[in-house]
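**Student:** Quick one, data-v4.tsv (TSV, C-alpha atoms):
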chain	number	residue	atom	x	y	z
T	1	MET	CA	0.00	0.00	0.00
T	2	THR	CA	1.32	3.43	-0.88
T	3	TYR	CA	0.63	6.55	1.15
T	4	ALA	CA	-1.61	7.81	-1.66
T	5	ASP	CA	-3.66	4.59	-1.39
T	6	PHE	CA	-3.93	5.13	2.35
T	7	ILE	CA	-5.17	8.70	1.82
T	8	ALA	CA	-7.69	7.54	-0.78
T	9	GLU	CA	-9.08	5.10	1.78
T	10	LEU	CA	-9.23	7.89	4.38
T	11	ARG	CA	-11.20	10.06	1.93
T	12	ARG	CA	-13.78	7.27	1.55
T	13	LEU	CA	-13.93	6.69	5.32
T	14	ALA	CA	-14.26	10.43	6.07
T	15	ASP	CA	-17.19	10.71	3.65
T	16	GLN	CA	-18.76	7.61	5.19
T	17	GLY	CA	-18.24	9.10	8.67
T	18	ASP	CA	-20.00	12.30	7.60
T	19	SER	CA	-22.99	10.24	6.49
T	20	LEU	CA	-23.28	8.67	9.97
T	21	THR	CA	-23.95	11.98	11.72
T	22	GLY	CA	-27.43	13.35	11.84
T	23	PRO	CA	-29.79	10.38	11.43
T	24	GLU	CA	-31.53	9.42	14.65
T	25	PHE	CA	-31.05	5.67	14.19
T	26	VAL	CA	-27.21	5.82	14.16
T	27	ASN	CA	-25.48	5.82	17.55
T	28	HIS	CA	-22.50	4.20	19.29
T	29	GLU	CA	-24.29	0.82	19.25
T	30	SER	CA	-25.32	0.87	15.57
T	31	THR	CA	-23.81	-1.73	13.28
T	32	ALA	CA	-23.03	0.89	10.63
T	33	PHE	CA	-21.07	2.98	13.12
T	34	ARG	CA	-19.28	0.01	14.69
T	35	ASP	CA	-18.25	-1.25	11.24
T	36	TRP	CA	-17.00	2.22	10.30
T	37	ARG	CA	-15.07	2.63	13.54
T	38	HIS	CA	-13.40	-0.76	13.21
T	39	GLU	CA	-12.46	-0.09	9.60
T	40	VAL	CA	-11.07	3.39	10.19
T	41	GLU	CA	-9.11	2.43	13.32
T	42	SER	CA	-7.69	-0.64	11.57
T	43	THR	CA	-6.73	1.39	8.50
T	44	VAL	CA	-4.88	4.02	10.55
T	45	SER	CA	-3.14	1.49	12.82
T	46	ASN	CA	-2.12	-0.64	9.82
T	47	ALA	CA	-0.63	2.42	8.12
T	48	GLU	CA	1.34	3.25	11.25
T	49	ALA	CA	2.47	-0.37	11.60
T	50	THR	CA	3.59	-0.31	7.96
T	51	GLY	CA	5.89	2.56	8.84
T	52	PHE	CA	3.99	5.63	7.66
T	53	ARG	CA	4.62	8.65	9.88
T	54	LEU	CA	1.29	10.44	10.10
T	55	PRO	CA	1.37	14.23	10.42
T	56	GLY	CA	-1.29	14.16	13.14
T	57	ASP	CA	-3.16	11.94	15.56
T	58	PHE	CA	-6.34	9.99	15.10
T	59	ASN	CA	-7.93	9.55	18.53
T	60	SER	CA	-11.04	7.52	17.79
T	61	VAL	CA	-9.89	4.81	20.19
T	62	ASP	CA	-10.16	7.27	23.09
T	63	ARG	CA	-13.68	8.45	22.26
T	64	PRO	CA	-16.78	6.79	23.75
T	65	TYR	CA	-19.14	8.30	21.11
T	66	ARG	CA	-21.84	8.78	23.74
T	67	ALA	CA	-22.61	10.84	26.83
T	68	LEU	CA	-20.77	9.49	29.85
T	69	TRP	CA	-22.93	10.66	32.74
T	70	ASN	CA	-25.70	8.74	34.47
T	71	GLY	CA	-29.18	9.69	33.38
T	72	ALA	CA	-28.05	11.07	30.02
T	73	SER	CA	-31.00	11.45	27.70
T	74	ALA	CA	-31.16	10.16	24.14
T	75	ALA	CA	-30.68	13.76	22.99
T	76	ASP	CA	-27.52	14.05	25.12
T	77	ASP	CA	-26.19	10.79	23.64
T	78	ARG	CA	-27.04	12.01	20.14
T	79	LYS	CA	-25.26	15.34	20.71
T	80	ALA	CA	-22.15	13.62	22.13
T	81	PHE	CA	-22.13	11.08	19.28
T	82	ASN	CA	-22.39	13.79	16.60
T	83	GLN	CA	-19.68	15.90	18.24
T	84	GLN	CA	-17.25	13.00	18.65
T	85	MET	CA	-17.95	11.75	15.12
T	86	ALA	CA	-17.27	15.27	13.84
T	87	ASP	CA	-13.97	15.29	15.76
T	88	SER	CA	-12.94	11.94	14.27
T	89	VAL	CA	-13.86	13.02	10.74
T	90	ARG	CA	-12.03	16.33	11.31
T	91	GLU	CA	-8.87	14.41	12.25
T	92	LEU	CA	-9.18	12.27	9.10
T	93	ARG	CA	-9.70	15.37	6.97
T	94	PHE	CA	-6.61	16.95	8.57
T	95	LEU	CA	-4.50	13.96	7.51
T	96	ILE	CA	-5.97	14.23	4.01
T	97	ALA	CA	-5.35	18.01	3.86
T	98	GLN	CA	-1.73	17.56	4.96
T	99	PHE	CA	-1.23	15.07	2.13
T	100	ASP	CA	-2.91	17.40	-0.39
T	101	LYS	CA	-0.73	20.29	0.77
T	102	PHE	CA	2.65	18.62	1.37
T	103	GLY	CA	2.48	15.16	-0.19
T	104	ALA	CA	3.52	11.97	1.54
T	105	PRO	CA	5.49	12.53	4.74
T	106	ASP	CA	9.15	11.57	4.93
T	107	GLY	CA	9.99	8.23	6.41
T	108	GLY	CA	7.69	6.08	4.33
T	109	PRO	CA	7.32	2.43	4.99
T	110	GLY	CA	10.48	0.50	5.31
T	111	VAL	CA	11.31	-2.94	6.35
T	112	ALA	CA	12.19	-2.94	10.00
T	113	LYS	CA	15.24	-5.01	10.70
T	114	PRO	CA	14.51	-7.44	13.47
T	115	LYS	CA	16.93	-7.45	16.37
T	116	PRO	CA	19.06	-10.53	16.51
T	117	PRO	CA	18.09	-12.87	19.32
T	118	LEU	CA	19.90	-12.21	22.57
T	119	GLU	CA	22.42	-14.91	23.25
T	120	ALA	CA	23.60	-15.60	26.77
T	121	PRO	CA	27.36	-15.59	27.25
T	122	ALA	CA	29.23	-18.66	28.49
T	123	GLN	CA	29.18	-17.17	31.98
T	124	VAL	CA	26.36	-14.86	33.06
T	125	THR	CA	27.76	-12.13	35.29
T	126	LEU	CA	26.09	-9.35	37.23
T	127	LYS	CA	27.56	-6.88	34.72
T	128	TRP	CA	25.94	-8.78	31.83
T	129	LEU	CA	22.60	-8.90	33.69
T	130	TYR	CA	22.87	-5.17	34.47
T	131	ASP	CA	23.45	-4.40	30.77
T	132	HIS	CA	20.77	-6.70	29.33
T	133	VAL	CA	17.91	-6.99	31.86
T	134	PRO	CA	15.32	-4.16	31.70
T	135	TRP	CA	14.88	-1.87	34.71
T	136	THR	CA	11.30	-3.05	35.16
T	137	VAL	CA	12.56	-6.58	35.83
T	138	TRP	CA	15.13	-5.29	38.33
T	139	GLY	CA	12.47	-3.21	40.07
T	140	THR	CA	10.07	-6.14	40.24
T	141	PHE	CA	12.81	-8.42	41.57
T	142	CYS	CA	13.84	-5.94	44.29
T	143	GLY	CA	10.21	-5.30	45.22
T	144	LEU	CA	9.49	-9.02	45.57
T	145	LEU	CA	12.66	-9.51	47.62
T	146	ALA	CA	11.71	-6.68	49.99
T	147	ALA	CA	8.11	-7.92	50.26
T	148	THR	CA	9.31	-11.46	51.08
T	149	PHE	CA	11.69	-10.14	53.72
T	150	LEU	CA	8.99	-8.02	55.35
T	151	ALA	CA	6.50	-10.92	55.23
T	152	GLY	CA	9.09	-13.10	56.99
T	153	ILE	CA	9.59	-10.50	59.70
T	154	LYS	CA	5.83	-10.23	60.22
T	155	ALA	CA	5.33	-14.02	60.22
T	156	GLY	CA	8.16	-14.46	62.76
T	157	GLN	CA	6.16	-12.43	65.26
T	158	TYR	CA	3.52	-15.16	65.62
T	159	ALA	CA	4.11	-17.87	68.25
T	160	THR	CA	2.61	-20.54	65.99
T	161	VAL	CA	5.11	-19.79	63.22
T	162	ARG	CA	8.02	-19.81	65.68
T	163	HIS	CA	6.80	-23.18	66.98
T	164	TRP	CA	6.67	-24.62	63.43
T	165	ILE	CA	10.18	-23.34	62.70
T	166	ALA	CA	11.48	-24.92	65.94
T	167	ALA	CA	9.80	-28.22	65.00
T	168	VAL	CA	11.37	-28.20	61.52
T	169	VAL	CA	14.82	-27.39	62.93
T	170	ALA	CA	14.47	-30.19	65.53
T	171	MET	CA	13.31	-32.62	62.84
T	172	LEU	CA	16.36	-31.81	60.73
T	173	GLY	CA	18.58	-32.70	63.67
T	174	GLY	CA	19.46	-29.23	64.80
T	175	SER	CA	19.02	-27.89	68.24
T	176	SER	CA	16.66	-25.05	68.71
T	177	PRO	CA	15.53	-23.42	71.86
T	178	THR	CA	11.89	-23.96	72.70
T	179	PRO	CA	9.88	-20.99	71.48
T	180	PRO	CA	8.36	-18.87	74.25
Please render this file's structure as structure tokens.
**Tutor:**
Amino acid sequence: MTYADFIAELRRLADQGDSLTGPEFVNHESTAFRDWRHEVESTVSNAEATGFRLPGDFNSVDRPYRALWNGASAADDRKAFNQQMADSVRELRFLIAQFDKFGAPDGGPGVAKPKPPLEAPAQVTLKWLYDHVPWTVWGTFCGLLAATFLAGIKAGQYATVRHWIAAVVAMLGGSSPTPP
């Protein structure tokens, strides 16, 4: 797909979106709207995944296309739907206008080179782990370690737990003082 093909599809979807505003029978639950929304969101996300750098955002995913307060009337839902549809169509028309004015943006689709698989060295060292393990994993590991330590401290305060520990130590052949 070329960027011009993408824009031609956006023109069709923008016109179709315009036709969904106004009639009373079209709302956020209508099949026609749901089909349109799926098609337009898929088209934009596929273009981005292909590598096209869009000159603006398309925020349909974030819109509820209805009034969000309890007790909203059908008229309130209709007004919210029309306004949010108009915003979505306006964003599509902006992308189209940018193409008409400036042409296809730089950085067209290219083939992304996949990263080679990470191979573990013969000996895994702390330095290697530090360089290759994401910070979120380190944070999760440290958090779990701290939580386990604190849970052990809390559990050690109960006489029943101390008694079980003394029984396990005695069973393993060690000597343990009798818990208080």
**Student:** Could you please determine the separation between atom CA of Gly17 of chain T and atom CA of Ala86 of chain T in Å, to one decimal place?
**Tutor:**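 Going from atom CA of Gly17 of chain T over to atom CA of Ala86 of chain T, I get 8.1 Å.
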**Student:** Give me, please, the distance in Å between atom CA of Gly139 of chain T and atom CA of Leu126 of chain T, quoted to one decimal.
**Tutor:**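 That distance, rounded to one decimal, is 15.2 Å.
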**Student:** Which of these residues is nearest to Ala80 of chain T, using only C-alpha atoms: T:Thr125, T:Glu9, T:Asn27, T:Leu95?
**Tutor:** T:Asn27
**Student:** Pick the closest to Leu92 of chain T from T:Asp35, T:Asp62, T:Asp57, T:Asp131: which is it, counting all atoms listed in the file?
**Tutor:**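 Nearest candidate to Leu92 of chain T out of T:Asp35, T:Asp62, T:Asp57, T:Asp131: T:Asp57.
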**Student:** Between atom CA of Arg90 of chain T and atom CA of Leu10 of chain T, what is the distance in Å, rounded to a tenth?
**Tutor:**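 These two atoms are separated by 11.3 Å.
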**Student:** Dig up all the protein and nucleic acid residues within 12 Å of (2.0, 7.2, -3.3) in the file frame, using all atoms listed in the file, and format them as a PyMOL selection string.
**Tutor:** chain T and resi 1-8+52+99-100+103-106+108-109
**Student:** Using all atoms listed in the file, which residue out of T:Val40, T:Ala147, T:Ala159, T:Ile153 lies closest to Glu91 of chain T?
**Tutor:** T:Val40
**Student:** Can you pull out the residues contacting Arg34 of chain T? Cut-off 12 Å, using only C-alpha atoms, and skip same-chain residues under 5 positions away; I want them as a list in words.
**Tutor:**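 The residues that qualify are Gly17, Leu20, Val26, Asn27, His28, Glu29, Glu39, Val40, Glu41, Ser60, Val61, Pro64, Tyr65 and Met85 of chain T.
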